[in-house]
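Written below as structure tokens is the structure these notes are about.
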There are 2 protein chains.
Amino acid sequence: MGHHDQVTLFLALAVLLAAARLLGEAARRWQQPAVLGEILAGVLLGPTILGHVWPEAFHHLFQPGAPSTTALNGIAVFAVTLFMLVAGIEMELQAVLRRGGTALAVSICGTVIPFILGFVMAWFAPDLMGAHIGADRLTFALLAGTAMSITALPVIAKTLRDLHLYRSDLGMVVMSAATVGDFLGWLLFAVVLAMAGHTGHDGPGLVNGLLLAVAFVAGTLTAGRWAIHRALPWVQAYLSFPGGVLGFVGVLALAGAAFSSWIGLHAVFGAFIVGIALGDSPHLRPGTRATIDQVVSFLFVPLFFASIGLKVDFYAHFDLLLVAVVLVVACAGKIAGSYLGAKLSGSGRRESLAIGVCMNARGAMEIILALVALEAKLIDERLFVALVVMAVVTSVLPGPLLARIIPPVRTRRFTAYLSPKSFLPRLAARTAEDAITELCSAVGSAGGRDAAGVAGEVLRRERMQATGTGDGLAIPHARLDGLTAPIVALGLAPEGIDFAGPDGRAAQIVVLVLTPDDDDATQLELLADIARIFSSAQARSDTLAVKTHTELLAHFQIERHATRI
Amino acid sequence: MGHHDQVTLFLALAVLLAAARLLGEAARRWQQPAVLGEILAGVLLGPTILGHVWPEAFHHLFQPGAPSTTALNGIAVFAVTLFMLVAGIEMELQAVLRRGGTALAVSICGTVIPFILGFVMAWFAPDLMGAHIGADRLTFALLAGTAMSITALPVIAKTLRDLHLYRSDLGMVVMSAATVGDFLGWLLFAVVLAMAGHTGHDGPGLVNGLLLAVAFVAGTLTAGRWAIHRALPWVQAYLSFPGGVLGFVGVLALAGAAFSSWIGLHAVFGAFIVGIALGDSPHLRPGTRATIDQVVSFLFVPLFFASIGLKVDFYAHFDLLLVAVVLVVACAGKIAGSYLGAKLSGSGRRESLAIGVCMNARGAMEIILALVALEAKLIDERLFVALVVMAVVTSVLPGPLLARIIPPVRTRRFTAYLSPKSFLPRLAARTAEDAITELCSAVGSAGGRDAAGVAGEVLRRERMQATGTGDGLAIPHARLDGLTAPIVALGLAPEGIDFAGPDGRAAQIVVLVLTPDDDDATQLELLADIARIFSSAQARSDTLAVKTHTELLAHFQIERHATRI
């Protein structure tokens, strides 16, 4: 890599990471998984949008074939491998074995039915499915079947994690089914490539490859798992910490990736299986898991998902009819097949539908398959674009659909009802009464009353029973008729104000909570949330040092993350 | 990247990471910095050793120009950039400003004196300094001066961190001097390249580049630092945590790297300056710093330092006389110059020498300079190899030399005196007397006494005053004449044994400590160490679940890391 390439590489990485993180955050804000925004960032920066609007910038940053682009692809592939390692570590082997029947049924139905559908469509209507001139009918039909039946492990893992469903029963079923399905899909693809005379790699050949793949998975999850469990205490006792264990995990993941890639499966597959074997050992500490997870998930993974969109121009080779046919056939076969498998093994309708929608994601796997098929001249550009569009659409769909099928549980937090003007970093008041009046003035009129009227209600409640909770905290509150949403104000008084706390300590943190009259549940939720966040002495003393509303929100978010409230 | 390239990339990464981590651990075991082992791993796997012993393997893994090698280089460059970001974050701007005079004197003397020495040698004895046929005398002399005066920020940072000297006063002086020296060195090199008609990049040109470089450093450390300090609470309040802040840090580092690379400085320089600006804000939490630091230091950095050795065959182009001359001139000029600068600004002899030895490290910077000069045909292969050898030798020297000049303080830990047979995961004893006898039998004979004799001594001490310390811990101990080194035994008794602890709780963890009769300090150190490690309730209850000696050592090492004992 020359000097020019280094400049380009860093600029490309910076732009890609910034766009992926920003759109990822935007997606999250609209209750969508971050991966949706990350893939869109790539489409925006890729040939589809940036390549048309400002081709010079696109070619400067992401010129196909340039050393900087090769290095960028290397980093993206390294990133997704680390991500699949993390996803593997989070898999719970016990949960998989418990739901193994469902997973097996889903993966087999979810692979066989779309394969048959794709094969039959391509056999009887090759033109409609985008066969190019001179394509061998059987090979093309097999390829179409395989393309319809592929599953995208990384996208599913990311979507489930983004929606906090990864470690649920549903998540484990989907992940195990996707693992088996992925395995079957790539074996099928290896067969098709071998039939077409393109082995595509210098590995051990088809039959040996199949045997090695089965041996690798079985060996890693039994003997490998046992050896890792035995080796981890040794690594952590006699090598440096955490350097020893991080290096150990990294080497195993890379070796697994190299091996699975060599035998003809994708690299991510090996890292994932190694991750499962690693994650099963209690000797791998939560701290180590979290350290790897955070850097990988937030620095590397966005780069990979964004890089998907860089590979193709979705506009130039766009054939609407073909795209529509491919999309309908792919979704119908995969969703119906997986749904059927889940229903057959006793899942409910809602859960079966959720499983079907998840399994439908094709992501990077389909794009890699399409790339290999294009390079082997098994398909032309039109079908290539149709497959990629199908891959992106099916990857983006599970997020919104899943959120509809299984509405995420939202916990209400008092910070959502705090505004910049209702945070008083230094209360002037020295008595409980003055503090309540001061906080109510900051809130202003509420529920049809002016500040004085609100203060009157809160004071009446305060006189019935003082609201000092001990530990230097007080939560004066009132229910107001005419209020439509809660209002919270927070004041700090390092010198302390007497709120008659049970431990006799003066309150340094005073939180005013106003809730609608008829909403008992909200009041209870907010009071509990406040009590929880201030339960640690560290959180309370850190709060006293806060000077602005933004710093306060940052402090609470970090605190919630640290204590996993 | 095709399929074959992916297999190769992952295999190369796995082999490189494994070798680097293993040799890094070995170096650490011999009290050397890990970076020494990491560089050696690259030399072993590079053209020098593996390329000669088993050329097929070397060419398969690290074929120059292959897409997998380009991707590997990309990952290495990405890794060192992240490392310099971490090194920047750990710099303490206040400490730098406090010792700024010394740093400035060291960097100026440490740059000017080796430059003059190199220039004069090359001017008057070009053949001895390895000038190739037809070299322009002035350009070559300028280049030789620059090559002698270069400083390697990453290697110095790594060595200082490995030896726990990074945040010392010495570390801060060396790092600030190296920063300024690095800056001067790369500016010089830009001038030489421009004189030779090779600008080497498509950046802003020489004069504008110089102005931009100064503006970048000054701007980032003033306005940039202020803006980052203001932005961090916002990022942590309104974006996800820790995804928001990790992405923010990553994007800034990559953008800084791209910019400094574009203006003609090396990419690591920009990431380092951005890191300093980031690290100065107290809003960047210790948890975030540690997360980035650990993954970068133990997964990525070893890959970079190992990759240095892959670039050259140290054997084929080896010219002993030239290597010796270059090495002597480089070391003499740099050590003497930096020593002089440090002495002039009032440092002691020992500290000045340590500073000189550190500044002498050339590392990857010199190798990159040599590569650029070779590509620009300013030097030939012989001088190239001599410069690279000099870079590796001067990078490896500071570790051992520094450990001699400033002997590292070693704290004695009781775990060092525990052996597999002296750890009893389940004590059979139910009384203090039996427990002491049981632990002494496990130890066997000591200090010329048999187990019973030793137990007698410990019991006599126990009867004088019971050794239960409360919190379920007891530390029976004795001083034995004739003992040469401490002996420690540890027994677990979840049911509890009464050692008359002050809180009335029975001891579940019993640690037997035998020390030489005349060594009060050791006994005190070991007792304090034991008390400290078992001070947390979590550490005590985790200990009770331990089953083997190895698990016990792993547990204590992780515990020490978590609580930074």
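Following the order of the structure tokens, chains are lettered A, B, ..., residues in each are numbered from 1, and ligands are numbered from 1.
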
Closest atom pairs, residues of chain A within 7 Å of chain B, only C-alpha atoms, as a tab-separated table:
```
residue	atom	partner	partner_atom	distance
A:Met1	CA	B:Thr70	CA	6.6
A:His3	CA	B:His201	CA	6.1
A:His4	CA	B:His201	CA	5.8
A:Val7	CA	B:Ala258	CA	5.0
A:Phe10	CA	B:Ala258	CA	4.7
A:Leu11	CA	B:Ala258	CA	5.1
A:Leu13	CA	B:Leu254	CA	6.7
A:Ala14	CA	B:Leu254	CA	5.0
A:Leu17	CA	B:Val251	CA	6.2
A:Ala18	CA	B:Val251	CA	5.8
A:Arg21	CA	B:Gly247	CA	6.4
A:Glu25	CA	B:Leu239	CA	6.6
A:Pro67	CA	B:Thr70	CA	6.4
A:Thr70	CA	B:Ala71	CA	5.8
A:Ala71	CA	B:Ala71	CA	3.9
A:Gly74	CA	B:Ala71	CA	4.6
A:Ile75	CA	B:Ile75	CA	5.8
A:His201	CA	B:His4	CA	5.9
A:Asp202	CA	B:His4	CA	6.9
A:Pro233	CA	B:Glu551	CA	5.0
A:Trp234	CA	B:Thr550	CA	5.8
A:Gln236	CA	B:Ala554	CA	4.6
A:Ala237	CA	B:Ala554	CA	3.7
A:Leu239	CA	B:Glu25	CA	6.5
A:Phe241	CA	B:Ile558	CA	6.6
A:Gly243	CA	B:Phe298	CA	5.1
A:Leu246	CA	B:Phe298	CA	6.3
A:Gly247	CA	B:Leu299	CA	5.9
A:Gly250	CA	B:Leu299	CA	6.7
A:Val251	CA	B:Ala14	CA	5.1
A:Leu254	CA	B:Ala14	CA	5.0
A:Ala255	CA	B:Ala14	CA	5.4
A:Ala257	CA	B:Phe10	CA	6.3
A:Ala258	CA	B:Phe10	CA	4.7
A:Ser261	CA	B:Val7	CA	5.4
A:Trp262	CA	B:Val7	CA	5.6
A:Thr291	CA	B:Thr291	CA	5.3
A:Ile292	CA	B:Val295	CA	6.5
A:Val295	CA	B:Ile292	CA	6.5
A:Phe298	CA	B:Gly243	CA	5.1
A:Leu299	CA	B:Gly247	CA	5.9
A:Thr550	CA	B:Trp234	CA	5.8
A:Glu551	CA	B:Pro233	CA	5.1
A:Leu553	CA	B:Ala237	CA	4.8
A:Ala554	CA	B:Ala237	CA	3.7
A:Gln557	CA	B:Ala237	CA	6.4
A:Ile558	CA	B:Phe241	CA	6.7
```

For Leu439 in chain A, find every residue with an atom within 9 Å (counting only C-alpha atoms), except residues of its own chain fewer than 2 positions away, and show them as an MDAnalysis selection string. chainID A and resid 422:424 427 434:437 441:444 455 489:491 510:512

Write out as a ChimeraX atom specification each polymer residue whose atoms come within 9 Å of Cys109 in chain A, counting only C-alpha atoms; drop sequence neighbours fewer than 4 positions from it. /A:104-105,113-114,334,336-342

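If only C-alpha atoms are the atoms counted, then among B:Ala507, B:Val388, B:Leu44, B:Leu163 the closest residue to Gln32 in chain B is B:Leu163.
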
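Considering the residues A:Arg540, A:Arg426, A:Lys547, A:Arg461 and counting only C-alpha atoms, Leu514 in chain A has its shortest atom-to-atom contact with A:Arg461.
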